[in-house]
Amino acid sequence: MGQSGEAYKDAPTPDAMVPDPEGPVLIFSSQAKAAGIAVQNWNGSWRDQKYSILESIGQGAAWLDDDNDGLLDLYLPNGSSLDELPSPAPTSHFFTNRGDGTFQDVSAESGLDSSAWNNGVAAADYDNDGDTDLFVSNWGDHSLYQSDGAGHFKDVAQAAGLTKLDVKLTPWGVCSAWGDVNLDGHLDLFVGHYLGFDPKNPPHGGETVHWKGMRDAYYGPSGLDVQRDFLFRNNGDGTFRDGSKEAGLLDVEAGYTLGAIFLDYNLDGNPDLYLAVDSQPNYLFVGDGTGNMTERATLTGLAYGEQGNAQAGMGIDAADYDADGDDDLVVTNFDDDVNTLYRNDGRSFRDQTVRIGLAGPTRNVLSWGVGFQDFDLDADLDLFIACGHVYPSAETDDPNTKYRQANQFYLRDGNRLRLLEEGGDGLEVRAVTRGAAFGDYDADGDVDIIGINLNEPPTLYRNDTETDGHWFAVKLVGNVKAGTNRDGIGARVIVHAGELTRSAERRAGASFLSTNSPWLHFGLGSETKVEKVEVVWPGGKHSEYGPFDTNKRVVLEQ
């Protein structure tokens, strides 16, 4: 990555950015029903009552292009229930994009209509054959759906060595992410396990507790069995082996992991792994490119909040919000705390939550999915946070919060994030949202959002923001013979357009239990020409492309 370091020497810091009160507002409309994806989510009791922690974590989502037609298709995991299931039982769903703003439900014919208790999904071409596969983490055995490139998927998890895990009680996998930790061109898989839950022997016999005056709260996670996480190394032949020991996962105390993301935080060309942990310190495993990793969260300032307290991490995103060339981190947390923004200074991180304006608005919400995106195409990053409580009695018993909450849209305004109170009917939605995934599903040049709502249909937020800003989108194709995974996961894309330099890393697994679009999307403001695009591939190999016109999507092959 050293070849590109000079590109950032004049990058503005947040202090140098001036607020633009006359700039556009964000407008989002709710489109799930019109788009044909308003399917019911099941996660525990369908009533507004939750008897255990298993019923409250929920699901994520994945944008992918299964048929390689340039349009984003959509996979929606689904949960189940310990009782009260309808007939037929709820299943996960897969929708192909028709190209007219609507989707076709092909769940049954694709083989993705699983009735398992799904949680998260990480979408990537793990076998380097040119199509996108899906890893789905479950309460129970996990699933690895291998695509045949013709719209059909087969669960090969058992043959791949991803089942029969050495954990106490039923495996409960939540987050997952793909990354090439040993830089051999084959994607490895991290799977985060939350805790051990036994429905036949619930904690404290299923008794409820009182939390902040709320009725019918349940026990957990504290006091429940911790399950270990796994880093599976890809053998390159369709199978995986447990590489957790080399990755340092067994050298630390197992935690209640809920969020995971691969990133190259120090730009040394090697994937690192950051974990959001519920009620315990977060972890950062720093990689050396061989598969060996060392935990460094405390040393880099990422283990705790600004007050030195362990928070209750849920979702994660990494993005270059200050445009200085490296990725910063945002972590969502529990109610009565703040969501935390960590600014990367190249070697360590500084908590910027108060300074950027996140502290006040996020204290009395419970937050999950999260993502930095340039929604208004003005060349700086805005922020979306999915919100919703875990205790239904929060709706009536706590005057400071609600069970169904408004998701939060923040517009970048100078050196701060400004919470928007209005902006289309999408901002009026009140739900119990968990996962969130980001992508331009209608191919109109701006980024849309799918939000997964507990025990309700999802919300499809179509971005209708009016803006004169220009954009540019990139999809990568790595050269397998050159030792790069075909999706280019772990590569860093650097776009030079006039006075602007913007960068982003290709990932598979982020937000909360979700996978964003494979297209990296850049807002470029008033710039009308992309002079050059640099790609630093995993391991440090460097390519240059361009020039390009703006308002274009381009596929860059290594």
# chains A, B, ... in the order shown; residues from 1 in each chain; ligands from 1
>>> residues_around(residues="Val338 (chain A)", least_positions_apart="5", cutoff="7 Å", atoms="only C-alpha atoms", output="ChimeraX atom specification")
/A:333,359,362-363
>>> write_last_selection(atoms="C-alpha atoms", output="PDB file, in the first residue's frame")
ATOM      1  CA  ASN A 333     -24.091  -0.561  21.219  1.00  0.00           C
ATOM      2  CA  ALA A 359     -23.228  10.763  21.597  1.00  0.00           C
ATOM      3  CA  THR A 362     -27.667   7.396  20.144  1.00  0.00           C
ATOM      4  CA  ARG A 363     -27.887   7.167  23.937  1.00  0.00           C
TER       5      ARG A 363
END
>>> select_by_dssp(residues="region 254-379 of chain A", states="strand (DSSP E)", output="PyMOL selection string")
chain A and resi 257-263+272-277+283-287+293-295+316-319+328-331+340-344+349-351+367-373
>>> closest_atom_pairs(of="region 462-516 of chain A", to="region 532-542 of chain A", cutoff="7 Å", atoms="only C-alpha atoms", output="tab-separated table")
residue	atom	partner	partner_atom	distance
A:Thr484	CA	A:Pro538	CA	6.6
A:Gly488	CA	A:Trp537	CA	6.9
A:Gly490	CA	A:Pro538	CA	5.4
A:Ala491	CA	A:Trp537	CA	4.3
A:Arg492	CA	A:Val536	CA	5.1
A:Val493	CA	A:Val535	CA	4.6
A:Ile494	CA	A:Glu534	CA	5.0
A:Val495	CA	A:Val533	CA	4.7
A:His496	CA	A:Lys532	CA	5.3
>>> closest_residue(among="A:Trp519, A:Tyr410, A:Phe438, A:Phe372", to="Val474 (chain A)", atoms="only C-alpha atoms")
A:Trp519
>>> closest_atom_pairs(of="region 459-532 of chain A", to="region 99-115 of chain A", cutoff="12 Å", atoms="only C-alpha atoms", output="Markdown table")
| residue | atom | partner | partner_atom | distance |
| --- | --- | --- | --- | --- |
| A:Leu460 | CA | A:Gly101 | CA | 10.9 |
| A:Tyr461 | CA | A:Gly101 | CA | 12.0 |
| A:Arg462 | CA | A:Gly101 | CA | 9.6 |
>>> closest_residue(among="A:Met314, A:Cys175, A:Leu64, A:Ala32", to="Asn118 (chain A)", atoms="only C-alpha atoms")
A:Cys175
>>> closest_atom_pairs(of="region 315-365 of chain A", to="region 499-518 of chain A", cutoff="8 Å", atoms="only C-alpha atoms", output="Markdown table")
| residue | atom | partner | partner_atom | distance |
| --- | --- | --- | --- | --- |
| A:Gly315 | CA | A:Phe512 | CA | 4.5 |
| A:Ile316 | CA | A:Ser511 | CA | 4.9 |
| A:Asp317 | CA | A:Ser511 | CA | 5.4 |
| A:Ala319 | CA | A:Ala504 | CA | 6.6 |
| A:Asp320 | CA | A:Ser503 | CA | 6.8 |
| A:Ala323 | CA | A:Arg502 | CA | 6.2 |
| A:Gly325 | CA | A:Ser503 | CA | 6.3 |
| A:Asp326 | CA | A:Ser503 | CA | 8.0 |
| A:Asp327 | CA | A:Ala504 | CA | 7.8 |
>>> write_last_selection(atoms="C-alpha atoms", output="tab-separated table (two decimals), in the first residue's frame")
chain	number	residue	atom	x	y	z
A	315	GLY	CA	-22.81	-4.03	14.55
A	316	ILE	CA	-19.67	-2.70	12.85
A	317	ASP	CA	-18.70	-0.75	9.79
A	319	ALA	CA	-14.92	3.30	6.17
A	320	ASP	CA	-12.62	6.22	5.45
A	323	ALA	CA	-10.82	10.91	3.70
A	325	GLY	CA	-6.72	7.10	3.24
A	326	ASP	CA	-7.27	4.61	6.06
A	327	ASP	CA	-10.46	3.12	7.46
>>> decode(residues="region 337-348 of chain A", atoms="N, CA, C and O atoms", output="compact mmCIF listing (two decimals), in the first residue's frame")
# COMPACT_ATOMS: atom_id res chain seq x y z
N ASP A 337 -26.33 3.72 26.33
CA ASP A 337 -24.93 3.91 26.01
C ASP A 337 -24.89 4.64 24.67
O ASP A 337 -25.93 4.94 24.10
N VAL A 338 -23.71 4.92 24.17
CA VAL A 338 -23.60 5.61 22.89
C VAL A 338 -23.00 4.66 21.86
O VAL A 338 -22.28 3.73 22.21
N ASN A 339 -23.31 4.90 20.60
CA ASN A 339 -22.58 4.24 19.53
C ASN A 339 -21.24 4.93 19.36
O ASN A 339 -21.14 6.15 19.48
N THR A 340 -20.21 4.16 19.09
CA THR A 340 -18.84 4.68 19.19
C THR A 340 -18.19 4.79 17.82
O THR A 340 -18.20 3.83 17.04
N LEU A 341 -17.60 5.94 17.55
CA LEU A 341 -16.84 6.16 16.33
C LEU A 341 -15.37 6.27 16.69
O LEU A 341 -14.97 7.13 17.48
N TYR A 342 -14.56 5.40 16.11
CA TYR A 342 -13.12 5.40 16.34
C TYR A 342 -12.43 5.91 15.08
O TYR A 342 -12.55 5.33 14.01
N ARG A 343 -11.64 6.98 15.23
CA ARG A 343 -10.89 7.53 14.10
C ARG A 343 -9.50 6.93 14.07
O ARG A 343 -8.77 6.91 15.06
N ASN A 344 -9.12 6.45 12.90
CA ASN A 344 -7.84 5.79 12.67
C ASN A 344 -6.77 6.84 12.36
O ASN A 344 -6.91 7.62 11.42
N ASP A 345 -5.71 6.87 13.18
CA ASP A 345 -4.63 7.81 12.88
C ASP A 345 -3.43 7.11 12.25
O ASP A 345 -2.35 7.68 12.15
N GLY A 346 -3.63 5.88 11.80
CA GLY A 346 -2.57 5.13 11.12
C GLY A 346 -1.95 4.04 11.97
O GLY A 346 -1.55 3.01 11.45
N ARG A 347 -1.87 4.29 13.28
CA ARG A 347 -1.32 3.28 14.19
C ARG A 347 -2.31 2.88 15.26
O ARG A 347 -2.30 1.74 15.73
N SER A 348 -3.14 3.79 15.68
CA SER A 348 -4.13 3.53 16.72
C SER A 348 -5.39 4.31 16.41
O SER A 348 -5.49 5.00 15.39
